[in-house]
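Next comes protein_33.cif, a file with mmCIF, C-alpha atoms.
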```cif
data_input
#
loop_
_atom_site.label_atom_id
_atom_site.label_comp_id
_atom_site.auth_asym_id
_atom_site.auth_seq_id
_atom_site.Cartn_x
_atom_site.Cartn_y
_atom_site.Cartn_z
CA MET A 1 -23.82 7.85 -17.01
CA SER A 2 -22.03 10.54 -15.02
CA LEU A 3 -18.66 9.83 -13.44
CA ASP A 4 -18.51 10.89 -9.80
CA ALA A 5 -15.11 9.52 -8.79
CA ILE A 6 -12.06 7.58 -9.94
CA LEU A 7 -10.47 5.40 -7.28
CA PHE A 8 -6.99 3.90 -7.53
CA ASP A 9 -4.98 1.16 -5.90
CA PHE A 10 -1.50 2.32 -4.84
CA GLY A 11 1.27 -0.31 -5.02
CA HIS A 12 1.96 -1.62 -8.55
CA THR A 13 -0.80 0.63 -9.87
CA LEU A 14 0.38 4.20 -9.33
CA MET A 15 3.93 3.24 -8.49
CA ASP A 16 6.52 0.49 -8.19
CA PHE A 17 8.84 -0.23 -5.29
CA ARG A 18 11.76 -2.52 -4.52
CA ARG A 19 13.77 -2.15 -1.34
CA THR A 20 17.48 -2.76 -1.79
CA GLU A 21 19.63 -5.06 0.32
CA GLU A 22 22.02 -2.18 0.95
CA ALA A 23 19.28 0.06 2.33
CA LEU A 24 17.88 -2.78 4.45
CA ARG A 25 21.27 -3.54 5.99
CA GLY A 26 21.81 0.16 6.62
CA ALA A 27 18.53 0.46 8.52
CA TYR A 28 19.20 -2.64 10.59
CA SER A 29 22.69 -1.39 11.44
CA VAL A 30 20.98 1.59 13.07
CA ILE A 31 18.44 -0.70 14.72
CA ARG A 32 21.28 -2.83 16.11
CA GLU A 33 22.86 0.31 17.59
CA ARG A 34 19.58 1.23 19.23
CA LEU A 35 19.31 -2.24 20.75
CA ALA A 36 22.86 -2.03 22.07
CA HIS A 37 22.10 1.34 23.63
CA TRP A 38 18.86 0.12 25.18
CA VAL A 39 20.36 -3.06 26.71
CA GLU A 40 23.93 -2.17 27.56
CA ASP A 41 24.80 -5.54 29.10
CA GLN A 42 23.58 -7.60 26.13
CA SER A 43 25.23 -7.77 22.72
CA PRO A 44 22.61 -7.64 19.95
CA PRO A 45 22.66 -10.13 17.06
CA GLU A 46 24.72 -9.15 14.04
CA VAL A 47 23.02 -7.23 11.26
CA ASP A 48 22.57 -10.25 8.98
CA GLU A 49 20.82 -12.17 11.74
CA LEU A 50 18.60 -9.21 12.58
CA VAL A 51 17.56 -8.88 8.94
CA GLU A 52 16.79 -12.61 8.75
CA ARG A 53 14.95 -12.92 12.04
CA ILE A 54 13.14 -9.59 12.06
CA ALA A 55 12.66 -8.05 8.61
CA GLU A 56 12.53 -11.26 6.60
CA GLU A 57 10.44 -13.09 9.20
CA ILE A 58 7.86 -10.31 9.11
CA ASP A 59 7.92 -10.46 5.30
CA ARG A 60 7.19 -14.17 5.49
CA GLN A 61 4.27 -13.67 7.86
CA VAL A 62 2.77 -10.93 5.72
CA GLU A 63 3.19 -12.97 2.55
CA ARG A 64 1.59 -16.00 4.21
CA SER A 65 -1.35 -13.89 5.33
CA TYR A 66 -1.96 -12.58 1.83
CA GLN A 67 -1.53 -16.03 0.25
CA GLN A 68 -4.21 -17.31 2.63
CA SER A 69 -6.50 -14.48 1.45
CA ALA A 70 -6.93 -13.20 5.00
CA LEU A 71 -9.24 -10.18 4.98
CA GLU A 72 -8.26 -8.72 8.36
CA GLU A 73 -5.12 -6.57 8.20
CA LEU A 74 -2.08 -7.39 10.32
CA ASP A 75 -0.77 -5.04 13.02
CA ILE A 76 2.82 -4.22 12.10
CA LEU A 77 3.80 -3.18 15.64
CA THR A 78 2.53 -6.52 16.96
CA LEU A 79 4.60 -8.32 14.33
CA PHE A 80 7.73 -6.43 15.39
CA ASP A 81 6.97 -7.06 19.06
CA GLU A 82 6.62 -10.80 18.46
CA ALA A 83 9.73 -10.97 16.29
CA PHE A 84 11.92 -9.18 18.82
CA THR A 85 10.46 -11.18 21.71
CA ALA A 86 11.47 -14.35 19.86
CA ILE A 87 15.13 -13.25 19.93
CA GLY A 88 15.03 -12.20 23.57
CA TYR A 89 14.11 -8.51 23.41
CA LYS A 90 10.92 -7.10 24.91
CA LEU A 91 11.04 -3.59 23.50
CA PRO A 92 9.17 -0.61 24.93
CA ALA A 93 6.49 0.90 22.72
CA GLU A 94 8.54 3.94 21.75
CA LEU A 95 11.48 1.80 20.56
CA LEU A 96 9.17 -0.51 18.62
CA ARG A 97 7.76 2.54 16.89
CA GLU A 98 11.27 3.79 16.06
CA VAL A 99 12.21 0.40 14.64
CA ALA A 100 9.04 0.34 12.53
CA GLU A 101 9.86 3.79 11.15
CA LEU A 102 13.42 2.80 10.27
CA ASP A 103 12.19 -0.35 8.55
CA HIS A 104 9.46 1.59 6.73
CA ASP A 105 11.91 4.14 5.37
CA VAL A 106 13.83 1.40 3.56
CA LEU A 107 10.75 0.77 1.43
CA ALA A 108 9.60 4.37 1.20
CA THR A 109 12.88 5.56 -0.28
CA SER A 110 12.54 3.02 -3.12
CA VAL A 111 9.11 4.24 -4.26
CA ARG A 112 9.02 5.89 -7.65
CA ILE A 113 6.05 7.42 -9.45
CA GLU A 114 6.44 8.19 -13.14
CA ALA A 115 6.01 11.83 -14.11
CA ASP A 116 3.30 11.01 -16.65
CA THR A 117 1.33 9.17 -13.95
CA ILE A 118 1.30 12.29 -11.79
CA GLU A 119 0.36 14.36 -14.84
CA ALA A 120 -2.57 12.03 -15.53
CA LEU A 121 -3.81 12.35 -11.94
CA GLU A 122 -3.50 16.12 -12.12
CA LYS A 123 -5.44 16.20 -15.41
CA LEU A 124 -8.25 14.09 -13.96
CA ARG A 125 -8.44 16.33 -10.91
CA ALA A 126 -8.36 19.49 -13.03
CA ASP A 127 -11.24 18.09 -15.10
CA GLY A 128 -13.34 17.98 -11.93
CA HIS A 129 -13.16 14.30 -11.03
CA ALA A 130 -12.93 13.33 -7.36
CA LEU A 131 -9.96 11.00 -6.89
CA GLY A 132 -9.54 8.36 -4.21
CA LEU A 133 -6.93 5.85 -3.08
CA VAL A 134 -7.71 2.38 -1.68
CA SER A 135 -4.68 0.31 -0.72
CA ASN A 136 -3.99 -2.99 0.99
CA VAL A 137 -0.93 -2.34 3.14
CA TRP A 138 0.21 -3.58 6.54
CA LEU A 139 2.48 -0.60 7.21
CA LEU A 140 1.69 2.16 9.70
CA PRO A 141 -1.00 4.37 8.13
CA ASP A 142 0.42 7.67 9.36
CA LEU A 143 3.71 6.84 7.64
CA MET A 144 1.84 5.94 4.46
CA HIS A 145 0.03 9.29 4.53
CA ARG A 146 3.42 10.95 5.04
CA ASP A 147 4.75 9.09 2.01
CA LEU A 148 1.92 10.45 -0.12
CA GLU A 149 2.86 13.96 1.02
CA ASN A 150 6.53 13.35 0.20
CA LEU A 151 5.62 12.05 -3.24
CA GLY A 152 3.63 15.22 -3.87
CA ILE A 153 0.32 13.49 -4.60
CA LYS A 154 -1.66 13.49 -1.34
CA HIS A 155 -3.45 16.74 -2.20
CA LEU A 156 -4.86 15.13 -5.36
CA PHE A 157 -7.01 12.65 -3.41
CA LYS A 158 -10.30 13.52 -1.79
CA GLY A 159 -10.38 10.19 0.05
CA VAL A 160 -7.64 7.78 1.12
CA ALA A 161 -7.98 4.45 2.90
CA PHE A 162 -5.20 2.05 3.84
CA SER A 163 -6.17 -1.40 5.12
CA SER A 164 -3.88 -0.84 8.11
CA GLU A 165 -6.15 2.01 9.27
CA VAL A 166 -9.51 0.58 8.19
CA GLY A 167 -8.66 -2.87 9.57
CA VAL A 168 -9.83 -4.88 6.55
CA ARG A 169 -8.39 -5.54 3.12
CA LYS A 170 -9.78 -5.44 -0.36
CA PRO A 171 -11.92 -7.11 -1.66
CA ARG A 172 -13.99 -6.34 1.47
CA PRO A 173 -16.55 -3.68 0.52
CA GLN A 174 -15.96 -1.52 3.61
CA ILE A 175 -12.58 -0.23 2.47
CA PHE A 176 -13.94 0.81 -0.94
CA GLN A 177 -17.02 2.35 0.64
CA THR A 178 -14.90 4.44 3.02
CA VAL A 179 -13.34 6.26 0.07
CA LEU A 180 -16.53 6.45 -1.97
CA ASP A 181 -18.17 8.18 0.99
CA ALA A 182 -15.24 10.59 1.34
CA CYS A 183 -15.57 11.42 -2.35
CA GLY A 184 -19.35 11.80 -2.12
CA ALA A 185 -19.65 9.23 -4.89
CA LYS A 186 -22.01 6.40 -5.77
CA PRO A 187 -20.40 3.07 -6.78
CA GLU A 188 -22.31 2.87 -10.06
CA ALA A 189 -20.98 6.31 -11.02
CA SER A 190 -17.38 5.50 -10.11
CA VAL A 191 -14.39 3.70 -11.61
CA PHE A 192 -11.73 1.65 -9.84
CA VAL A 193 -8.22 1.22 -11.27
CA GLY A 194 -5.99 -1.54 -9.94
CA ASP A 195 -3.55 -4.31 -10.82
CA ARG A 196 -5.13 -7.31 -9.06
CA LEU A 197 -8.10 -9.19 -10.44
CA VAL A 198 -9.50 -10.48 -7.14
CA ASP A 199 -8.70 -7.67 -4.72
CA ASP A 200 -9.20 -4.73 -7.06
CA ILE A 201 -11.40 -5.73 -9.98
CA ALA A 202 -13.76 -8.27 -8.38
CA GLY A 203 -13.87 -6.28 -5.15
CA ALA A 204 -14.91 -3.08 -6.91
CA GLN A 205 -17.33 -4.86 -9.24
CA ALA A 206 -19.13 -6.37 -6.24
CA LEU A 207 -20.11 -2.83 -5.25
CA GLY A 208 -21.23 -1.98 -8.77
CA MET A 209 -18.18 0.04 -9.82
CA ARG A 210 -16.77 0.01 -13.32
CA THR A 211 -13.21 -1.30 -13.39
CA VAL A 212 -9.87 -0.84 -15.15
CA LEU A 213 -7.01 -3.34 -14.90
CA THR A 214 -3.54 -1.82 -15.27
CA GLN A 215 -0.63 -4.03 -16.29
CA GLN A 216 2.18 -1.49 -16.03
CA TYR A 217 3.99 -3.08 -13.07
CA ARG A 218 2.25 -6.46 -12.68
CA ARG A 219 0.49 -8.55 -15.29
CA GLU A 220 -2.58 -10.58 -14.41
CA GLU A 221 -4.53 -11.93 -17.36
CA PRO A 222 -8.33 -11.66 -17.16
CA GLY A 223 -10.14 -14.99 -16.96
CA GLU A 224 -13.39 -15.47 -15.12
CA ILE A 225 -12.93 -12.01 -13.63
CA LYS A 226 -13.26 -9.52 -16.47
CA PRO A 227 -12.47 -5.83 -16.02
CA ASP A 228 -14.33 -3.32 -18.16
CA HIS A 229 -11.03 -2.04 -19.56
CA VAL A 230 -7.37 -3.13 -19.59
CA ILE A 231 -4.55 -0.61 -19.92
CA ALA A 232 -0.83 -1.14 -20.42
CA ARG A 233 0.22 2.03 -18.60
CA LEU A 234 -1.53 4.18 -16.02
CA PRO A 235 -1.71 7.37 -18.16
CA GLU A 236 -4.03 5.49 -20.55
CA ILE A 237 -6.75 6.01 -17.93
CA LEU A 238 -7.27 9.44 -19.55
CA ASP A 239 -8.47 7.78 -22.74
CA VAL A 240 -10.71 5.39 -20.81
CA VAL A 241 -12.34 8.22 -18.85
CA ALA A 242 -12.83 10.21 -22.04
CA SER A 243 -14.72 7.26 -23.55
CA LEU A 244 -17.14 6.85 -20.64
#
```
Kindly present the structure from the file in structure tokens form.
Amino acid sequence: MSLDAILFDFGHTLMDFRRTEEALRGAYSVIRERLAHWVEDQSPPEVDELVERIAEEIDRQVERSYQQSALEELDILTLFDEAFTAIGYKLPAELLREVAELDHDVLATSVRIEADTIEALEKLRADGHALGLVSNVWLLPDLMHRDLENLGIKHLFKGVAFSSEVGVRKPRPQIFQTVLDACGAKPEASVFVGDRLVDDIAGAQALGMRTVLTQQYRREEPGEIKPDHVIARLPEILDVVASL
């Protein structure tokens, strides 16, 4: 069967990321300064408290949402608005946006993509395969698209969909279909590569896609959900595609 497109998950599939405590505190030091400037007669909480009550509280809400297998994506600006309101600050939209960007950059600067992963993507693209990206992420989609540009890989993808712009998460079929349509591909002539059995493998299989589980950054062992292929590192996708 012909292969129209190869779709990838992003986090823990193409790359790994771990924000550092130092970078987080640095960002929230700037955020504290912005709060002090905005409300001159009110002393903002110290940095440690801001990190706990804003950044870590949002992390907890996001984690809870994913643990509950919620399929609707969260609105990050709403989460920031609620978190700051809880500590006595009703921020204007432009300041909320600035805070979200500062917080986002802490994570973005920790993202690393291995050179051989980029080389594999470039080889697939050079061989004529349409590439797509389907990612569950609660962060602002325009910043995520910017990150792809900064990483030097955005031009490799014919279709990109983040759950924060589509509104729903994998394994919902709509988010996969958005990228398949952008690639002009049929599910049965496409492959999905991801690290999660439920979201990535089962979600893609429900549409009729062939699937590849990568265990480079996370390791889930196939059980009832069985991918067509399992790879230890992303560049092994070249061998899988060659065998199809």
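This file gives the following result for the PyMOL selection byres ((chain A and resi 241) around 10): Leu3, Ile6, Leu124, His129, Val191, Glu236, Ile237, Leu238, Asp239, Val240, Ala242, Ser243 and Leu244 of chain A.
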Would you write out, as a ChimeraX atom specification, every residue that the PyMOL selection byres ((chain A and resi 131-142) around 6) captures in this file? /A:5-10,74,130,143-145,157-165,169
Non-local contacts of segment 226-235 of chain A (12 Å; only C-alpha atoms; under 5 positions in same chain excluded) as a PyMOL selection string: chain A and resi 8-10+12-16+113-124+191-198+200-206+208-221+240-241+243-244
Written as a list in words, which residues does the PyMOL selection byres ((chain A and resi 22) around 12) give for the file shown?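 On this input, the PyMOL selection byres ((chain A and resi 22) around 12) captures Arg18, Arg19, Thr20, Glu21, Ala23, Leu24, Arg25, Gly26, Ala27, Tyr28, Ser29, Val47, Asp48, Val51, Val106, Leu107 and Ser110 of chain A.
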With C-alpha atoms kept, could you save the residues just selected as an mmCIF file, in the frame of the given file?
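Writing the result to out_34.cif gives the following:
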```cif
data_model
loop_
_atom_site.group_PDB
_atom_site.id
_atom_site.type_symbol
_atom_site.label_atom_id
_atom_site.label_comp_id
_atom_site.auth_asym_id
_atom_site.auth_seq_id
_atom_site.Cartn_x
_atom_site.Cartn_y
_atom_site.Cartn_z
ATOM 1 C CA ARG A 18 11.760 -2.520 -4.520
ATOM 2 C CA ARG A 19 13.770 -2.150 -1.340
ATOM 3 C CA THR A 20 17.480 -2.760 -1.790
ATOM 4 C CA GLU A 21 19.630 -5.060 0.320
ATOM 5 C CA ALA A 23 19.280 0.060 2.330
ATOM 6 C CA LEU A 24 17.880 -2.780 4.450
ATOM 7 C CA ARG A 25 21.270 -3.540 5.990
ATOM 8 C CA GLY A 26 21.810 0.160 6.620
ATOM 9 C CA ALA A 27 18.530 0.460 8.520
ATOM 10 C CA TYR A 28 19.200 -2.640 10.590
ATOM 11 C CA SER A 29 22.690 -1.390 11.440
ATOM 12 C CA VAL A 47 23.020 -7.230 11.260
ATOM 13 C CA ASP A 48 22.570 -10.250 8.980
ATOM 14 C CA VAL A 51 17.560 -8.880 8.940
ATOM 15 C CA VAL A 106 13.830 1.400 3.560
ATOM 16 C CA LEU A 107 10.750 0.770 1.430
ATOM 17 C CA SER A 110 12.540 3.020 -3.120
#
```
Rounded to one decimal in Å, what is the spacing between atom CA of Asp4 of chain A and atom CA of Cys183 of chain A?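 Separation between atom CA of Asp4 of chain A and atom CA of Cys183 of chain A: 8.0 Å.
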